[in-house]
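Data first, discussion second: the structure below is written as structure tokens.
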Protein chains: 4
Amino acid sequence: MTQIKKIGLFTSGGDAPGMNAAIRAVVRTAKYYNIEVVGIRRGYEGMINGELFPMDGKSVANIIQRGGTILKTARSEQFKTAEGRRLAYDQLIKHGIQGLVAIGGDGTFTGARIFGSEYDMPVVGLPGTIDNDLYGTDFTIGYDTAINTVIDAVDKIRDTAESHDRLFIVEVMGRDSGLIALRTGIASGAEAIIIPETNRDINALMDRLENGRKDKSSKIVMVAEGEDPGGAFEIGRQVKEKFPNYDTRVSILGHIQRGGKPSCMDRVLASRVGVAAVEALRDGHRNEMIGIVHNEIAFTPFEHACKHHVEINANFLKIVEILSI
Amino acid sequence: MTQIKKIGLFTSGGDAPGMNAAIRAVVRTAKYYNIEVVGIRRGYEGMINGELFPMDGKSVANIIQRGGTILKTARSEQFKTAEGRRLAYDQLIKHGIQGLVAIGGDGTFTGARIFGSEYDMPVVGLPGTIDNDLYGTDFTIGYDTAINTVIDAVDKIRDTAESHDRLFIVEVMGRDSGLIALRTGIASGAEAIIIPETNRDINALMDRLENGRKDKSSKIVMVAEGEDPGGAFEIGRQVKEKFPNYDTRVSILGHIQRGGKPSCMDRVLASRVGVAAVEALRDGHRNEMIGIVHNEIAFTPFEHACKHHVEINANFLKIVEILSI
Amino acid sequence: MTQIKKIGLFTSGGDAPGMNAAIRAVVRTAKYYNIEVVGIRRGYEGMINGELFPMDGKSVANIIQRGGTILKTARSEQFKTAEGRRLAYDQLIKHGIQGLVAIGGDGTFTGARIFGSEYDMPVVGLPGTIDNDLYGTDFTIGYDTAINTVIDAVDKIRDTAESHDRLFIVEVMGRDSGLIALRTGIASGAEAIIIPETNRDINALMDRLENGRKDKSSKIVMVAEGEDPGGAFEIGRQVKEKFPNYDTRVSILGHIQRGGKPSCMDRVLASRVGVAAVEALRDGHRNEMIGIVHNEIAFTPFEHACKHHVEINANFLKIVEILSI
Amino acid sequence: MTQIKKIGLFTSGGDAPGMNAAIRAVVRTAKYYNIEVVGIRRGYEGMINGELFPMDGKSVANIIQRGGTILKTARSEQFKTAEGRRLAYDQLIKHGIQGLVAIGGDGTFTGARIFGSEYDMPVVGLPGTIDNDLYGTDFTIGYDTAINTVIDAVDKIRDTAESHDRLFIVEVMGRDSGLIALRTGIASGAEAIIIPETNRDINALMDRLENGRKDKSSKIVMVAEGEDPGGAFEIGRQVKEKFPNYDTRVSILGHIQRGGKPSCMDRVLASRVGVAAVEALRDGHRNEMIGIVHNEIAFTPFEHACKHHVEINANFLKIVEILSI
């Protein structure tokens, strides 16, 4: 095995708190093993456009606590074409890069998988997305921070809901995954949760509202945005129609969920997988996402990380039902 | 002057963080002066419906740090009728109440003023609203907390805006007043602020975006909701049309601005005016709002507190222009 | 199996954020299964003194987000005597209690184990302690909140350390366990961590400070209090002696680590084990702690939960070394 | 009046949240008026040592929300000597600096006043200190953030104090000034406040504890550190001696009070005086601190800003007495 001397590092897809902690861990670990690091700005797009620059231990000083990503991120249409990937590869070769660490989610790893099948360039991935929808890791970097941001917001909404005896429909992020809605629904004492995995069952919600405890002064319904941000407005409309005597409001939490200082757990997760990423490249790993399963570092081929669907723990739905009694 | 022996206390209109600190201060001060306190739930509506109950020092233990209002609040159509006000007065007499402390905003004091002109019942008011739009006090209870909530949210949005090079249109509360938008715009480093007082000047915004520094990676435009919540969507539409190359997003912060633990300043303000309210009733004050002007307790007749419009400090707009250079 | 009809519930030992979420879960789940709940104030001490009262669904409304424990907690010398335990048992029988849910840590479960060996009273325990030092659960209720409180504080200290080029010795809680120091040390980018499990190795610290990167403007050393709160002062003294040119300060974080709103993960953990506790009593479990291992509910006999020592993940120490490069 | 073309900017003394917002405002405003800015690192010490570097609009991007000071700060013994000040002046002249903006407190302005009397160099000052102890401004930059940090910490301590029925002695910062203790004492519902201005009257505290409401489950005593950090331990000792049945604890909040994201009000204050500082130098001001009094920009000669003692509002002490009833 030839020892790797220089690696590239980038973030891609939606940003997530903790990405900076992962960047710091990769750069510092590379330094520890005498490997040079080239930062790539704006993901695959910047790779194609040559936005590459050297990083050292100081480049990542005092960023562990910052939200967002200092490497910036972008979505790239070009990289979906063979021509785009060729341009990207040329840049990597030009800079002497022998391996890549990609921090991102589903789309990032799909790109990496295709790239890895076309060119001889080892790529390992770190799970960076607030959605927690990747197979091969118990948690993704950013999820823990995002759910804390959500409950902080919903606690505030609960204050005003209690004061006015209101019903709030709160929409949280999570594309095709209800994992943010599920944990935050439990944690904010929501009366009901509507997630894509259960087909956003409106009738169950109506039943719950119909038959729930009558003496509750406020009610929270947590809705996952699914493929369709803003869908909470339609649910709100239906609830208002059926329960005109409720003072019903809709709140879309939106982009605040992507930002903020990463939580302790997100920083630890990012640091652990960041260290492991560099060690994995040294050990010859490629085409794998590095996550943590049952508190141990776990490697999952990119194709499994993306394709497998994360299952909803049915117990969680039961818990919401019991606890909103 | 007959010594007052029993007072009623209620919150009304939109809830605001710090209302509980004011409630605590009124109840504890009344106890200090051997005055009984009757709590009235749900504002004027509860007054009419007889939702009255005795409060003591312990009723308000450990609430100074809680958002919302333990007395709940509501808007009352009934109280706008002479019949409603008569029913309310009957309840007060029935409970032996000799004076009232009303915590709320413009609508609350308008009701109190009319009530005070019809019945011999001294009423003093405490300024409780996040909008800071009352004449007769430098700040209203809840404003300081709300603007901190806003900048906390916008700091998070800035993280993701920076990572993606985006322009965000952020809508904040404030009915016909731009005071929340103005201070939070300065504090979050917004590139532009759009407020009702300047007719939501879209052209100025377009100029700013056209001619501003080109190398900024993210931009925030702060919009006051004005009479028209959701208006930021239309502004977003126009910006997207004129600047199709910007990655423009809209975020409506919504009801999170009403909740949360009150800030230190809001708790101190609420405590000071709460103490003053009881002392004012003892001293024979009525039909006045109690605020703080230039760090001193100030009394303002209800009709002035409501009718006068709070003026925008033109310097603030200038500051935004200078600092977003 | 006779169906359980009435259970007692208490918190004991040091308080931890999320205990209220656990209390809420136990009460609501009991209601769901038509079991009455008797709350017991101040742990074993209150049990002996007869501080028992009925709880219903409403008793636990709006507490999921509150720090501390509404049932209060205390340490009890009496309960360590056979006479004390007899008095406690008499109270339980007097109130018709057929099972107990104890929320606490090591001392709580030791008491429960002895009590369970003397009297025919099923007891199940929920792990409530910020120290995370119980065998039989991946995390204890309160740990996640506490580590977030710590990094929030250390981020603030980092701001001032950076501005003044200072070295801070920060002491965190954790009796005989370094688990708080370990994760928060990684997450706050500490230059070194001193924990009881590695004998608080001062020489290693001195080496690190001697040979670390010289261009770092601030340094954080994280110290676990161990059995000996305030020990950071002595470490500070030695560092000042050996490195007189450093501007060295000591900060003992203290009791802020016990309070605050529970994090999302702590609320979810507390809710899950709270539901499981009631179901476990119905199923005939006794003398067991209910935790979560690898995301599944796990039962551990009290004697194992207490006696086994939680091991330090050696990788974590390695990570600190690599990342502080 | 010769137009100023180049100014120097530095922070000095203890750091305070909002200093970065002030730095940003000065740099951006200078740019607006086509004035060059030279940043000086580490206050007077760096001025002497030649740590000067050019700043532009981008140097201060995305710092408005950061605690600490990007210019760093230090105390300088050299600058107290005539020789030190001469070296400093030489550096300024060498870099073509025609005016200075100094951000700091009492010591900073004393240095500036002496310097200004010896050399022809206009200096204006911005009040940056968490202590709020400067004459000539209603609030200093950093005070509002610090008091919010304090109440956030004390709210957490209240959680655990309530759970354990404890009395906490909490020491906050504030050298010879009790202003932090005063407002945070009111805002955290403290039972008593001990500040230097009232000679830390222990007897009054003992009376209050002796005669206060007996049914309170927790008590907070807020102590200003005065000239003597750690003095709370001695107070705690005396309280324990006199009230052995109380479970008394001491908590020194320490350096967390200096850090953290600045509050909205601190950012607005810093931005306003930062703009005014540059305009003041253009208008020929010198030897003055720029503060805000009654919401208007106010100029105060350095000697008045330092020498006058800020008076304690006696009403505040009365309020604590009334509200802790």
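In the structure tokens, chains take the letters A, B, ... in the order shown, each chain's residues start at 1, and ligands count up from 1 in the order shown.
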
Hey, list the chain C side of the contact with chain A: 9 Å cut-off, only C-alpha atoms, answer as a count of residues only.
52

Would you write out chain D as a CSV table (one decimal) with C-alpha atoms, in the first residue's frame, after superposing it on chain B by least squares over all in-order Cα pairs?
```csv
chain,number,residue,atom,x,y,z
D,1,MET,CA,-58.2,59.0,50.4
D,2,THR,CA,-59.8,55.6,51.3
D,3,GLN,CA,-57.2,53.0,51.4
D,4,ILE,CA,-57.5,50.3,48.7
D,5,LYS,CA,-57.9,46.8,50.2
D,6,LYS,CA,-58.4,44.5,47.2
D,7,ILE,CA,-57.3,44.7,43.6
D,8,GLY,CA,-57.9,42.7,40.4
D,9,LEU,CA,-55.1,41.8,38.0
D,10,PHE,CA,-55.3,40.5,34.5
D,11,THR,CA,-53.4,40.2,31.2
D,12,SER,CA,-55.0,40.9,27.9
D,13,GLY,CA,-54.1,41.1,24.2
D,14,GLY,CA,-51.2,39.3,22.7
D,15,ASP,CA,-49.0,37.6,25.3
D,16,ALA,CA,-45.4,38.8,25.9
D,17,PRO,CA,-42.5,37.4,27.8
D,18,GLY,CA,-42.2,39.2,31.1
D,19,MET,CA,-45.9,39.3,31.8
D,20,ASN,CA,-45.4,36.7,34.5
D,21,ALA,CA,-42.7,38.8,36.1
D,22,ALA,CA,-45.1,41.7,36.2
D,23,ILE,CA,-47.8,39.5,37.7
D,24,ARG,CA,-45.4,38.4,40.4
D,25,ALA,CA,-44.4,41.9,41.1
D,26,VAL,CA,-48.0,43.1,41.5
D,27,VAL,CA,-49.0,40.2,43.7
D,28,ARG,CA,-46.0,40.5,46.0
D,29,THR,CA,-46.2,44.3,46.2
D,30,ALA,CA,-49.9,44.1,47.1
D,31,LYS,CA,-49.0,41.6,49.8
D,32,TYR,CA,-46.3,44.0,51.1
D,33,TYR,CA,-48.9,46.7,51.4
D,34,ASN,CA,-51.6,44.3,52.9
D,35,ILE,CA,-53.8,44.5,49.8
D,36,GLU,CA,-55.6,41.4,48.6
D,37,VAL,CA,-55.2,40.3,45.0
D,38,VAL,CA,-57.8,38.7,42.8
D,39,GLY,CA,-56.4,37.1,39.6
D,40,ILE,CA,-58.6,37.3,36.6
D,41,ARG,CA,-58.1,34.7,33.8
D,42,ARG,CA,-58.4,35.4,30.1
D,43,GLY,CA,-58.5,39.2,30.3
D,44,TYR,CA,-61.8,41.0,29.8
D,45,GLU,CA,-63.4,37.8,28.6
D,46,GLY,CA,-62.7,36.1,31.9
D,47,MET,CA,-63.7,39.2,33.8
D,48,ILE,CA,-67.2,39.0,32.2
D,49,ASN,CA,-67.3,35.2,32.7
D,50,GLY,CA,-66.3,35.3,36.3
D,51,GLU,CA,-63.0,33.6,36.1
D,52,LEU,CA,-61.7,35.3,39.3
D,53,PHE,CA,-59.7,33.6,42.0
D,54,PRO,CA,-57.6,34.8,45.0
D,55,MET,CA,-53.8,35.0,44.6
D,56,ASP,CA,-51.1,35.1,47.3
D,57,GLY,CA,-47.3,35.3,47.4
D,58,LYS,CA,-47.0,31.6,46.7
D,59,SER,CA,-49.2,31.7,43.6
D,60,VAL,CA,-46.4,33.6,41.8
D,61,ALA,CA,-43.4,31.6,43.1
D,62,ASN,CA,-40.9,30.6,40.5
D,63,ILE,CA,-42.7,32.2,37.6
D,64,ILE,CA,-40.4,35.2,37.0
D,65,GLN,CA,-38.5,33.1,34.5
D,66,ARG,CA,-41.4,31.7,32.6
D,67,GLY,CA,-42.7,32.9,29.2
D,68,GLY,CA,-46.4,33.4,28.5
D,69,THR,CA,-48.8,34.5,31.2
D,70,ILE,CA,-50.1,32.2,34.0
D,71,LEU,CA,-53.3,34.4,33.9
D,72,LYS,CA,-53.8,33.5,30.3
D,73,THR,CA,-55.0,36.1,27.8
D,74,ALA,CA,-57.8,36.5,25.3
D,75,ARG,CA,-59.4,39.0,23.0
D,76,SER,CA,-63.0,39.9,24.0
D,77,GLU,CA,-65.7,41.0,21.6
D,78,GLN,CA,-68.2,41.2,24.5
D,79,PHE,CA,-66.2,43.8,26.3
D,80,LYS,CA,-66.6,46.1,23.3
D,81,THR,CA,-70.3,46.3,24.1
D,82,ALA,CA,-71.8,48.3,27.0
D,83,GLU,CA,-73.6,45.1,28.1
D,84,GLY,CA,-70.3,43.3,28.3
D,85,ARG,CA,-68.6,46.0,30.4
D,86,ARG,CA,-71.6,46.1,32.7
D,87,LEU,CA,-71.3,42.3,33.3
D,88,ALA,CA,-67.6,42.8,34.0
D,89,TYR,CA,-68.2,45.6,36.4
D,90,ASP,CA,-70.7,43.4,38.3
D,91,GLN,CA,-68.2,40.7,38.7
D,92,LEU,CA,-65.6,43.1,40.1
D,93,ILE,CA,-68.1,44.5,42.6
D,94,LYS,CA,-69.2,41.1,43.6
D,95,HIS,CA,-65.6,40.2,44.5
D,96,GLY,CA,-65.1,43.5,46.3
D,97,ILE,CA,-62.5,44.7,43.9
D,98,GLN,CA,-61.5,48.4,44.3
D,99,GLY,CA,-58.9,48.8,41.6
D,100,LEU,CA,-57.5,47.0,38.6
D,101,VAL,CA,-54.0,46.4,37.1
D,102,ALA,CA,-54.2,45.7,33.4
D,103,ILE,CA,-51.2,44.3,31.6
D,104,GLY,CA,-51.4,44.5,27.8
D,105,GLY,CA,-51.1,46.9,24.9
D,106,ASP,CA,-53.1,49.3,22.8
D,107,GLY,CA,-56.4,47.4,22.7
D,108,THR,CA,-56.2,46.6,26.4
D,109,PHE,CA,-55.8,50.3,27.3
D,110,THR,CA,-58.5,51.4,24.9
D,111,GLY,CA,-60.9,49.0,26.7
D,112,ALA,CA,-59.7,50.3,30.1
D,113,ARG,CA,-60.1,53.9,29.1
D,114,ILE,CA,-63.7,53.4,28.0
D,115,PHE,CA,-64.5,51.2,31.1
D,116,GLY,CA,-62.9,53.9,33.3
D,117,SER,CA,-65.1,56.6,31.8
D,118,GLU,CA,-68.3,54.5,32.5
D,119,TYR,CA,-67.6,53.1,35.9
D,120,ASP,CA,-65.9,54.4,39.1
D,121,MET,CA,-63.2,51.8,39.1
D,122,PRO,CA,-59.5,53.0,39.1
D,123,VAL,CA,-57.5,51.2,36.5
D,124,VAL,CA,-53.7,51.4,35.9
D,125,GLY,CA,-52.0,49.7,33.0
D,126,LEU,CA,-48.6,48.1,32.5
D,127,PRO,CA,-47.2,48.0,28.9
D,128,GLY,CA,-47.0,44.4,27.9
D,129,THR,CA,-46.4,43.8,24.2
D,130,ILE,CA,-43.5,42.6,22.2
D,131,ASP,CA,-44.1,45.4,19.6
D,132,ASN,CA,-42.7,48.4,21.7
D,133,ASP,CA,-45.3,50.6,20.1
D,134,LEU,CA,-46.7,52.4,23.1
D,135,TYR,CA,-46.2,56.0,23.8
D,136,GLY,CA,-45.2,56.8,27.4
D,137,THR,CA,-42.5,54.1,27.9
D,138,ASP,CA,-39.0,53.7,26.4
D,139,PHE,CA,-39.6,50.0,26.2
D,140,THR,CA,-42.6,47.6,26.6
D,141,ILE,CA,-42.4,44.4,28.5
D,142,GLY,CA,-41.5,41.6,26.1
D,143,TYR,CA,-39.8,43.7,23.4
D,144,ASP,CA,-36.2,43.0,24.6
D,145,THR,CA,-36.9,39.3,24.8
D,146,ALA,CA,-38.5,39.2,21.4
D,147,ILE,CA,-35.6,41.0,19.7
D,148,ASN,CA,-33.1,38.6,21.3
D,149,THR,CA,-35.2,35.7,20.0
D,150,VAL,CA,-35.2,37.3,16.5
D,151,ILE,CA,-31.4,37.7,16.4
D,152,ASP,CA,-30.9,34.3,17.7
D,153,ALA,CA,-33.0,32.9,14.8
D,154,VAL,CA,-31.3,35.2,12.3
D,155,ASP,CA,-27.8,34.2,13.5
D,156,LYS,CA,-28.8,30.6,12.7
D,157,ILE,CA,-30.2,31.6,9.3
D,158,ARG,CA,-26.9,33.5,8.7
D,159,ASP,CA,-25.0,30.3,9.2
D,160,THR,CA,-26.8,28.5,6.5
D,161,ALA,CA,-27.0,31.6,4.2
D,162,GLU,CA,-23.2,32.0,4.4
D,163,SER,CA,-22.7,28.3,3.6
D,164,HIS,CA,-24.9,28.5,0.6
D,165,ASP,CA,-24.3,32.1,-0.6
D,166,ARG,CA,-28.0,32.9,-0.1
D,167,LEU,CA,-30.2,35.9,0.2
D,168,PHE,CA,-32.8,35.6,2.9
D,169,ILE,CA,-35.9,37.7,3.4
D,170,VAL,CA,-36.8,37.4,7.0
D,171,GLU,CA,-40.2,38.5,8.3
D,172,VAL,CA,-40.5,39.6,11.9
D,173,MET,CA,-43.6,40.6,13.9
D,174,GLY,CA,-44.7,44.1,14.7
D,175,ARG,CA,-48.2,44.9,13.3
D,176,ASP,CA,-48.0,48.5,12.2
D,177,SER,CA,-44.7,49.1,13.8
D,178,GLY,CA,-41.2,48.5,12.5
D,179,LEU,CA,-39.4,48.7,15.8
D,180,ILE,CA,-38.6,45.0,16.0
D,181,ALA,CA,-37.3,44.9,12.5
D,182,LEU,CA,-35.3,48.1,13.0
D,183,ARG,CA,-33.2,47.0,16.0
D,184,THR,CA,-32.9,43.4,14.9
D,185,GLY,CA,-31.9,44.5,11.5
D,186,ILE,CA,-29.0,46.5,12.9
D,187,ALA,CA,-28.1,43.7,15.3
D,188,SER,CA,-28.1,40.9,12.8
D,189,GLY,CA,-26.1,42.9,10.3
D,190,ALA,CA,-28.9,43.0,7.8
D,191,GLU,CA,-28.2,44.4,4.3
D,192,ALA,CA,-31.6,46.2,4.3
D,193,ILE,CA,-34.7,46.7,6.4
D,194,ILE,CA,-38.3,47.2,5.2
D,195,ILE,CA,-40.7,48.7,7.6
D,196,PRO,CA,-44.3,50.1,7.4
D,197,GLU,CA,-43.1,53.5,8.5
D,198,THR,CA,-41.2,54.0,5.3
D,199,ASN,CA,-43.9,52.4,3.2
D,200,ARG,CA,-42.0,49.2,2.7
D,201,ASP,CA,-40.0,50.9,0.0
D,202,ILE,CA,-39.2,48.0,-2.4
D,203,ASN,CA,-37.3,50.2,-4.8
D,204,ALA,CA,-34.8,51.2,-2.2
D,205,LEU,CA,-34.2,47.6,-1.5
D,206,MET,CA,-33.7,46.8,-5.2
D,207,ASP,CA,-31.2,49.7,-5.4
D,208,ARG,CA,-29.3,48.4,-2.4
D,209,LEU,CA,-29.1,44.9,-3.8
D,210,GLU,CA,-28.1,46.3,-7.2
D,211,ASN,CA,-25.3,48.5,-5.9
D,212,GLY,CA,-24.2,46.8,-2.7
D,213,ARG,CA,-20.9,45.1,-2.2
D,214,LYS,CA,-20.7,42.2,-4.7
D,215,ASP,CA,-18.3,40.0,-2.7
D,216,LYS,CA,-20.7,39.4,0.2
D,217,SER,CA,-21.5,35.7,0.4
D,218,SER,CA,-24.8,36.1,2.2
D,219,LYS,CA,-27.5,38.8,2.5
D,220,ILE,CA,-30.3,39.3,5.0
D,221,VAL,CA,-33.3,41.5,4.4
D,222,MET,CA,-35.4,42.2,7.5
D,223,VAL,CA,-39.1,42.8,6.9
D,224,ALA,CA,-41.7,44.0,9.4
D,225,GLU,CA,-44.9,42.1,8.9
D,226,GLY,CA,-47.0,45.2,9.2
D,227,GLU,CA,-50.7,44.7,9.0
D,228,ASP,CA,-50.1,41.9,6.6
D,229,PRO,CA,-48.3,38.8,7.9
D,230,GLY,CA,-46.7,36.8,5.1
D,231,GLY,CA,-46.0,39.9,3.0
D,232,ALA,CA,-42.4,38.8,2.8
D,233,PHE,CA,-43.4,36.1,0.3
D,234,GLU,CA,-44.4,38.9,-2.2
D,235,ILE,CA,-41.2,40.7,-1.6
D,236,GLY,CA,-39.3,37.5,-2.1
D,237,ARG,CA,-41.2,37.0,-5.4
D,238,GLN,CA,-40.2,40.4,-6.7
D,239,VAL,CA,-36.5,40.0,-5.6
D,240,LYS,CA,-36.4,36.6,-7.4
D,241,GLU,CA,-37.8,38.1,-10.5
D,242,LYS,CA,-35.3,41.0,-10.6
D,243,PHE,CA,-32.3,39.0,-9.4
D,244,PRO,CA,-32.8,35.5,-10.8
D,245,ASN,CA,-29.1,34.7,-10.1
D,246,TYR,CA,-29.5,35.1,-6.4
D,247,ASP,CA,-30.5,32.0,-4.4
D,248,THR,CA,-33.3,33.8,-2.5
D,249,ARG,CA,-35.3,32.3,0.4
D,250,VAL,CA,-38.1,33.6,2.6
D,251,SER,CA,-38.4,32.8,6.3
D,252,ILE,CA,-41.3,33.9,8.4
D,253,LEU,CA,-40.2,33.7,12.1
D,254,GLY,CA,-43.7,33.7,13.4
D,255,HIS,CA,-44.9,32.8,16.9
D,256,ILE,CA,-41.6,31.8,18.4
D,257,GLN,CA,-41.2,35.6,18.9
D,258,ARG,CA,-43.9,35.6,21.5
D,259,GLY,CA,-42.4,33.0,23.8
D,260,GLY,CA,-39.4,32.1,25.7
D,261,LYS,CA,-37.8,33.0,29.0
D,262,PRO,CA,-37.9,36.8,29.5
D,263,SER,CA,-34.5,38.6,29.2
D,264,CYS,CA,-33.0,40.3,32.3
D,265,MET,CA,-34.1,43.7,31.1
D,266,ASP,CA,-37.7,42.6,30.6
D,267,ARG,CA,-37.8,41.0,34.1
D,268,VAL,CA,-36.4,44.2,35.6
D,269,LEU,CA,-38.8,46.4,33.7
D,270,ALA,CA,-41.7,44.2,34.6
D,271,SER,CA,-40.7,44.2,38.2
D,272,ARG,CA,-40.3,47.9,38.5
D,273,VAL,CA,-43.6,48.8,36.8
D,274,GLY,CA,-45.3,46.1,38.7
D,275,VAL,CA,-44.2,47.5,42.1
D,276,ALA,CA,-45.2,51.0,40.8
D,277,ALA,CA,-48.6,49.9,39.7
D,278,VAL,CA,-49.7,48.9,43.2
D,279,GLU,CA,-48.2,52.0,44.7
D,280,ALA,CA,-50.0,54.1,42.1
D,281,LEU,CA,-53.4,52.6,42.9
D,282,ARG,CA,-52.7,53.4,46.6
D,283,ASP,CA,-51.8,56.9,45.6
D,284,GLY,CA,-55.0,57.4,43.7
D,285,HIS,CA,-53.8,57.1,40.2
D,286,ARG,CA,-56.3,55.9,37.6
D,287,ASN,CA,-56.6,55.8,33.8
D,288,GLU,CA,-52.8,55.8,33.4
D,289,MET,CA,-50.2,53.5,31.9
D,290,ILE,CA,-47.1,53.1,34.0
D,291,GLY,CA,-43.9,53.0,31.9
D,292,ILE,CA,-40.3,53.9,32.3
D,293,VAL,CA,-38.9,56.9,30.5
D,294,HIS,CA,-35.2,57.8,30.9
D,295,ASN,CA,-34.9,55.2,33.6
D,296,GLU,CA,-37.7,56.8,35.8
D,297,ILE,CA,-41.2,55.7,36.4
D,298,ALA,CA,-43.6,57.7,34.1
D,299,PHE,CA,-47.4,58.0,34.1
D,300,THR,CA,-49.2,58.5,30.8
D,301,PRO,CA,-53.0,58.8,30.4
D,302,PHE,CA,-54.4,55.8,28.5
D,303,GLU,CA,-55.5,58.0,25.6
D,304,HIS,CA,-52.0,59.3,25.0
D,305,ALA,CA,-50.4,55.9,25.4
D,306,CYS,CA,-52.6,54.6,22.6
D,307,LYS,CA,-53.1,57.4,20.2
D,308,HIS,CA,-49.6,58.8,19.8
D,309,HIS,CA,-47.5,57.1,17.3
D,310,VAL,CA,-44.1,56.0,18.2
D,311,GLU,CA,-41.6,57.6,15.9
D,312,ILE,CA,-38.9,55.8,14.1
D,313,ASN,CA,-35.4,57.0,14.9
D,314,ALA,CA,-34.1,58.0,11.4
D,315,ASN,CA,-30.6,57.5,12.5
D,316,PHE,CA,-31.3,53.8,12.8
D,317,LEU,CA,-32.0,53.5,9.1
D,318,LYS,CA,-28.8,55.5,8.3
D,319,ILE,CA,-26.9,53.1,10.5
D,320,VAL,CA,-28.1,50.1,8.5
D,321,GLU,CA,-27.1,51.8,5.3
D,322,ILE,CA,-23.6,52.6,6.6
D,323,LEU,CA,-22.9,49.2,8.2
D,324,SER,CA,-24.0,47.0,5.4
D,325,ILE,CA,-21.4,48.6,3.2
```

Quick one: DSSP strand (DSSP E or B) residues in stretch 56-136 of chain D, as a list in words?
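Here are the strand (DSSP E or B) residues of stretch 56-136 of chain D: Gly99, Leu100, Val101, Ala102, Ile103, Gly104, Val123, Val124, Gly125, Leu126, Pro127 and Gly128 of chain D.
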
Write a file of the just-selected residues containing N, CA, C and O atoms, as a compact mmCIF listing (two decimals), in the first residue's frame.
```txt
# COMPACT_ATOMS: atom_id res chain seq x y z
N GLY D 99 -5.81 59.62 14.12
CA GLY D 99 -6.83 59.62 15.17
C GLY D 99 -7.01 58.19 15.67
O GLY D 99 -6.67 57.24 14.97
N LEU D 100 -7.54 58.05 16.88
CA LEU D 100 -7.67 56.72 17.47
C LEU D 100 -9.09 56.49 18.00
O LEU D 100 -9.71 57.42 18.56
N VAL D 101 -9.57 55.28 17.86
CA VAL D 101 -10.79 54.86 18.56
C VAL D 101 -10.38 53.77 19.55
O VAL D 101 -9.85 52.73 19.15
N ALA D 102 -10.62 54.04 20.83
CA ALA D 102 -10.27 53.10 21.88
C ALA D 102 -11.54 52.50 22.46
O ALA D 102 -12.44 53.23 22.86
N ILE D 103 -11.62 51.18 22.50
CA ILE D 103 -12.79 50.52 23.07
C ILE D 103 -12.37 49.86 24.37
O ILE D 103 -11.49 49.00 24.37
N GLY D 104 -12.95 50.27 25.48
CA GLY D 104 -12.56 49.69 26.76
C GLY D 104 -13.26 50.37 27.92
O GLY D 104 -14.35 50.92 27.76
N VAL D 123 -8.14 61.20 20.35
CA VAL D 123 -8.63 59.87 20.74
C VAL D 123 -10.08 60.00 21.20
O VAL D 123 -10.41 60.89 21.99
N VAL D 124 -10.94 59.13 20.68
CA VAL D 124 -12.29 59.02 21.25
C VAL D 124 -12.46 57.60 21.77
O VAL D 124 -11.81 56.66 21.28
N GLY D 125 -13.30 57.45 22.79
CA GLY D 125 -13.44 56.15 23.42
C GLY D 125 -14.86 55.60 23.32
O GLY D 125 -15.83 56.37 23.32
N LEU D 126 -14.97 54.28 23.25
CA LEU D 126 -16.28 53.63 23.30
C LEU D 126 -16.34 52.80 24.57
O LEU D 126 -15.39 52.07 24.88
N PRO D 127 -17.44 52.87 25.30
CA PRO D 127 -17.53 52.19 26.59
C PRO D 127 -17.72 50.69 26.44
O PRO D 127 -18.83 50.23 26.19
N GLY D 128 -16.66 49.93 26.59
CA GLY D 128 -16.75 48.48 26.44
C GLY D 128 -16.32 47.80 27.73
O GLY D 128 -15.13 47.64 27.98
```

Residues of stretch 230-287 of chain A in helix (DSSP H, G or I), written as a PyMOL selection string
chain A and resi 231-242+254-258+264-282
